[in-house]
>>> print(open('work-v1.cif').read())   # mmCIF, C-alpha atoms
data_model
#
loop_
_atom_site.label_atom_id
_atom_site.label_comp_id
_atom_site.auth_asym_id
_atom_site.auth_seq_id
_atom_site.Cartn_x
_atom_site.Cartn_y
_atom_site.Cartn_z
CA MET A 1 -17.54 15.94 -11.53
CA ASN A 2 -15.09 13.77 -9.58
CA ILE A 3 -13.15 11.19 -11.59
CA ALA A 4 -10.88 8.44 -10.25
CA ILE A 5 -8.49 6.42 -12.40
CA ASN A 6 -6.80 3.23 -11.23
CA MET A 7 -3.12 4.14 -11.43
CA TYR A 8 -1.76 1.05 -9.69
CA LEU A 9 0.18 -0.23 -12.74
CA SER A 10 1.72 3.23 -13.17
CA THR A 11 3.37 2.99 -9.75
CA LEU A 12 5.32 -0.21 -10.45
CA LYS A 13 9.06 0.15 -11.02
CA GLN A 14 8.77 -1.82 -14.27
CA ARG A 15 5.91 0.09 -15.85
CA THR A 16 4.28 -1.79 -18.71
CA GLY A 17 2.09 -0.65 -21.60
CA ILE A 18 -1.07 -0.31 -19.51
CA GLY A 19 0.85 1.53 -16.79
CA ASN A 20 2.23 3.96 -19.38
CA TYR A 21 -1.22 4.38 -20.92
CA ALA A 22 -2.78 5.21 -17.52
CA TYR A 23 0.05 7.61 -16.64
CA ASN A 24 -0.22 9.52 -19.93
CA LEU A 25 -4.03 9.56 -19.76
CA MET A 26 -3.87 11.02 -16.24
CA LYS A 27 -1.26 13.57 -17.33
CA ALA A 28 -3.41 14.76 -20.26
CA LEU A 29 -6.62 14.82 -18.22
CA SER A 30 -4.85 16.76 -15.44
CA GLU A 31 -4.11 19.54 -17.93
CA ILE A 32 -7.75 19.68 -19.02
CA VAL A 33 -9.06 19.61 -15.44
CA ALA A 34 -6.65 22.42 -14.49
CA VAL A 35 -8.57 24.66 -16.89
CA LYS A 36 -11.99 23.57 -15.60
CA ASN A 37 -12.24 24.46 -11.92
CA ASP A 38 -15.38 22.43 -11.24
CA ASP A 39 -13.87 18.98 -11.99
CA LYS A 40 -11.55 16.96 -9.73
CA LEU A 41 -9.27 14.16 -10.87
CA TYR A 42 -7.93 11.47 -8.53
CA SER A 43 -5.40 8.67 -8.91
CA TYR A 44 -6.45 5.47 -7.18
CA ALA A 45 -3.46 3.36 -6.12
CA HIS A 46 -2.47 1.24 -3.14
CA GLY A 47 -5.88 1.60 -1.53
CA LYS A 48 -5.76 5.41 -1.49
CA LEU A 49 -6.87 8.36 -3.59
CA PHE A 50 -4.32 10.98 -4.64
CA GLN A 51 -4.93 14.34 -6.28
CA ASN A 52 -4.03 14.15 -10.00
CA LEU A 53 -0.57 12.57 -10.46
CA ASP A 54 0.57 12.69 -6.84
CA ILE A 55 1.15 8.92 -7.00
CA GLU A 56 4.66 9.21 -8.41
CA ASN A 57 6.35 8.62 -5.06
CA THR A 58 4.01 5.90 -3.78
CA SER A 59 5.89 2.91 -5.18
CA SER A 60 8.56 2.96 -2.46
CA ASN A 61 7.98 0.59 0.45
CA ASN A 62 5.27 -1.13 -1.53
CA ILE A 63 4.63 -4.76 -0.62
CA VAL A 64 3.56 -5.48 -4.20
CA ASN A 65 6.97 -4.38 -5.56
CA LEU A 66 8.58 -6.70 -3.00
CA ILE A 67 6.45 -9.61 -4.21
CA LEU A 68 7.22 -8.75 -7.86
CA LYS A 69 10.93 -9.20 -7.18
CA PHE A 70 10.26 -12.89 -6.61
CA LEU A 71 7.18 -13.54 -8.73
CA PRO A 72 6.59 -11.88 -12.15
CA SER A 73 3.26 -10.09 -12.50
CA LYS A 74 2.06 -12.42 -15.27
CA TYR A 75 2.02 -15.22 -12.67
CA LEU A 76 0.38 -13.06 -10.00
CA TYR A 77 -2.57 -12.27 -12.24
CA ALA A 78 -3.03 -16.00 -12.90
CA ILE A 79 -3.70 -16.56 -9.19
CA PRO A 80 -7.45 -16.66 -8.58
CA PHE A 81 -8.68 -13.72 -6.52
CA TYR A 82 -5.26 -12.01 -6.63
CA ILE A 83 -6.73 -8.53 -7.18
CA PRO A 84 -9.21 -8.60 -4.25
CA ILE A 85 -6.54 -10.16 -2.01
CA ARG A 86 -4.03 -7.44 -3.00
CA GLU A 87 -6.59 -4.74 -2.28
CA LYS A 88 -7.41 -6.21 1.13
CA ILE A 89 -3.69 -6.42 2.05
CA LEU A 90 -3.16 -2.81 0.97
CA GLN A 91 -6.24 -1.77 2.92
CA ILE A 92 -4.82 -3.35 6.09
CA LEU A 93 -1.30 -1.99 5.55
CA ASN A 94 -2.54 1.52 4.76
CA LYS A 95 -5.24 1.40 7.42
CA SER A 96 -7.56 2.65 4.70
CA LYS A 97 -11.24 2.20 3.94
CA ASN A 98 -12.45 -0.22 1.29
CA LYS A 99 -12.68 1.22 -2.19
CA GLN A 100 -16.44 1.69 -2.12
CA ASN A 101 -16.43 3.73 1.09
CA LEU A 102 -13.38 5.70 -0.03
CA PHE A 103 -15.05 6.59 -3.33
CA SER A 104 -18.23 7.51 -1.50
CA ASP A 105 -16.32 9.85 0.86
CA TYR A 106 -14.72 11.63 -2.11
CA LYS A 107 -18.02 11.65 -4.03
CA ILE A 108 -16.47 9.92 -7.06
CA ASP A 109 -18.81 10.07 -10.07
CA ILE A 110 -16.75 8.10 -12.59
CA TYR A 111 -14.18 5.35 -12.05
CA HIS A 112 -11.90 4.37 -14.93
CA GLU A 113 -10.17 0.99 -14.90
CA PRO A 114 -7.41 1.09 -17.55
CA ASN A 115 -6.84 -2.64 -17.18
CA PHE A 116 -9.34 -5.19 -18.42
CA LEU A 117 -9.38 -6.78 -14.94
CA LEU A 118 -12.11 -4.92 -13.10
CA GLU A 119 -11.98 -5.21 -9.34
CA VAL A 120 -15.28 -6.66 -8.20
CA ASN A 121 -17.09 -4.41 -5.75
CA GLU A 122 -17.88 -5.80 -2.35
CA ASN A 123 -21.52 -5.89 -1.33
CA ASN A 124 -22.38 -2.89 0.79
CA THR A 125 -24.92 -3.39 3.52
CA ASN A 126 -25.10 0.26 4.52
CA ASN A 127 -26.64 1.36 1.17
CA ASN A 128 -24.20 4.17 0.46
CA THR A 129 -24.26 5.99 -2.89
CA ASN A 130 -21.32 4.04 -4.31
CA ASN A 131 -23.65 1.93 -6.46
CA ASN A 132 -24.22 5.04 -8.61
CA ILE A 133 -20.56 5.33 -9.67
CA LYS A 134 -20.20 4.96 -13.42
CA THR A 135 -17.37 2.61 -14.35
CA ILE A 136 -15.34 2.66 -17.56
CA ILE A 137 -13.07 -0.23 -18.51
CA THR A 138 -10.44 -0.05 -21.25
CA VAL A 139 -9.83 -3.30 -23.13
CA HIS A 140 -6.58 -2.79 -25.02
CA ASP A 141 -6.73 -5.98 -27.05
CA LEU A 142 -8.53 -9.29 -27.30
CA SER A 143 -5.50 -11.49 -27.91
CA ILE A 144 -6.57 -13.72 -25.03
CA PHE A 145 -9.25 -15.06 -27.40
CA ASP A 146 -7.03 -15.21 -30.49
CA VAL A 147 -3.93 -16.75 -28.90
CA PRO A 148 -4.99 -17.98 -25.44
CA GLU A 149 -1.84 -20.07 -25.05
CA THR A 150 0.19 -16.86 -24.63
CA HIS A 151 -1.81 -15.74 -21.60
#
>>> encode(input="work-v1.cif", output="structure tokens")
Amino acid sequence: MNIAINMYLSTLKQRTGIGNYAYNLMKALSEIVAVKNDDKLYSYAHGKLFQNLDIENTSSNNIVNLILKFLPSKYLYAIPFYIPIREKILQILNKSKNKQNLFSDYKIDIYHEPNFLLEVNENNTNNNTNNNIKTIITVHDLSIFDVPETH
């Protein structure tokens, strides 16, 4: 089984709770996968897949970190379509494939999104097997409904 976890928030210089959660989840799962030879674990960050925790050095020269110097992340996530725009920019900068084709190439079976903001998949016209990828989303809290004025 091939598993990919979105580790984007773990690569930011100011790692928050979700970034720490994703990092520690990946670290623990890496130890389990090391024992089982038939499973592969990938970190998905900056439009690329990395084996296990090989993302630790990817935050340097990152356009998102440059933007975060001038605009806090809580404002970025308020911008409509920020996540798909960020992914498209990273795709262009990294000269990488879109997420669906990348996951298809690596035969990803399960994708885990540790943030409640799931990136919407683009429509594929070439009918690849990406539509069969199981997706897991972690919702850490529902405070947006209890105290919406703080979000």
>>> residues_around(input="work-v1.cif", residues="Glu113 (chain A)", least_positions_apart="3", cutoff="12 Å", atoms="only C-alpha atoms", output="PyMOL selection string")
chain A and resi 3-9+18-19+21-22+25-26+43-45+110+116-120+134-140
>>> write_last_selection(input="work-v1.cif", atoms="C-alpha atoms", output="mmCIF file, keeping the file's coordinate frame")
data_model
loop_
_atom_site.group_PDB
_atom_site.id
_atom_site.type_symbol
_atom_site.label_atom_id
_atom_site.label_comp_id
_atom_site.auth_asym_id
_atom_site.auth_seq_id
_atom_site.Cartn_x
_atom_site.Cartn_y
_atom_site.Cartn_z
ATOM 1 C CA ILE A 3 -13.150 11.190 -11.590
ATOM 2 C CA ALA A 4 -10.880 8.440 -10.250
ATOM 3 C CA ILE A 5 -8.490 6.420 -12.400
ATOM 4 C CA ASN A 6 -6.800 3.230 -11.230
ATOM 5 C CA MET A 7 -3.120 4.140 -11.430
ATOM 6 C CA TYR A 8 -1.760 1.050 -9.690
ATOM 7 C CA LEU A 9 0.180 -0.230 -12.740
ATOM 8 C CA ILE A 18 -1.070 -0.310 -19.510
ATOM 9 C CA GLY A 19 0.850 1.530 -16.790
ATOM 10 C CA TYR A 21 -1.220 4.380 -20.920
ATOM 11 C CA ALA A 22 -2.780 5.210 -17.520
ATOM 12 C CA LEU A 25 -4.030 9.560 -19.760
ATOM 13 C CA MET A 26 -3.870 11.020 -16.240
ATOM 14 C CA SER A 43 -5.400 8.670 -8.910
ATOM 15 C CA TYR A 44 -6.450 5.470 -7.180
ATOM 16 C CA ALA A 45 -3.460 3.360 -6.120
ATOM 17 C CA ILE A 110 -16.750 8.100 -12.590
ATOM 18 C CA PHE A 116 -9.340 -5.190 -18.420
ATOM 19 C CA LEU A 117 -9.380 -6.780 -14.940
ATOM 20 C CA LEU A 118 -12.110 -4.920 -13.100
ATOM 21 C CA GLU A 119 -11.980 -5.210 -9.340
ATOM 22 C CA VAL A 120 -15.280 -6.660 -8.200
ATOM 23 C CA LYS A 134 -20.200 4.960 -13.420
ATOM 24 C CA THR A 135 -17.370 2.610 -14.350
ATOM 25 C CA ILE A 136 -15.340 2.660 -17.560
ATOM 26 C CA ILE A 137 -13.070 -0.230 -18.510
ATOM 27 C CA THR A 138 -10.440 -0.050 -21.250
ATOM 28 C CA VAL A 139 -9.830 -3.300 -23.130
ATOM 29 C CA HIS A 140 -6.580 -2.790 -25.020
#
>>> atom_distance(input="work-v1.cif", atom1="CA of Ile32 (chain A)", atom2="CA of Asp141 (chain A)")
26.9 Å
>>> closest_residue(input="work-v1.cif", among="A:Ser30, A:Lys13, A:Asn37, A:Phe50", to="Leu102 (chain A)", atoms="only C-alpha atoms")
A:Phe50
>>> closest_residue(input="work-v1.cif", among="A:Glu149, A:Asn20, A:Leu12, A:Lys40", to="Ile108 (chain A)", atoms="only C-alpha atoms")
A:Lys40
>>> atom_distance(input="work-v1.cif", atom1="CA of Asn24 (chain A)", atom2="CA of Asp146 (chain A)")
27.7 Å
>>> atom_distance(input="work-v1.cif", atom1="CA of His112 (chain A)", atom2="CA of Ala34 (chain A)")
18.8 Å
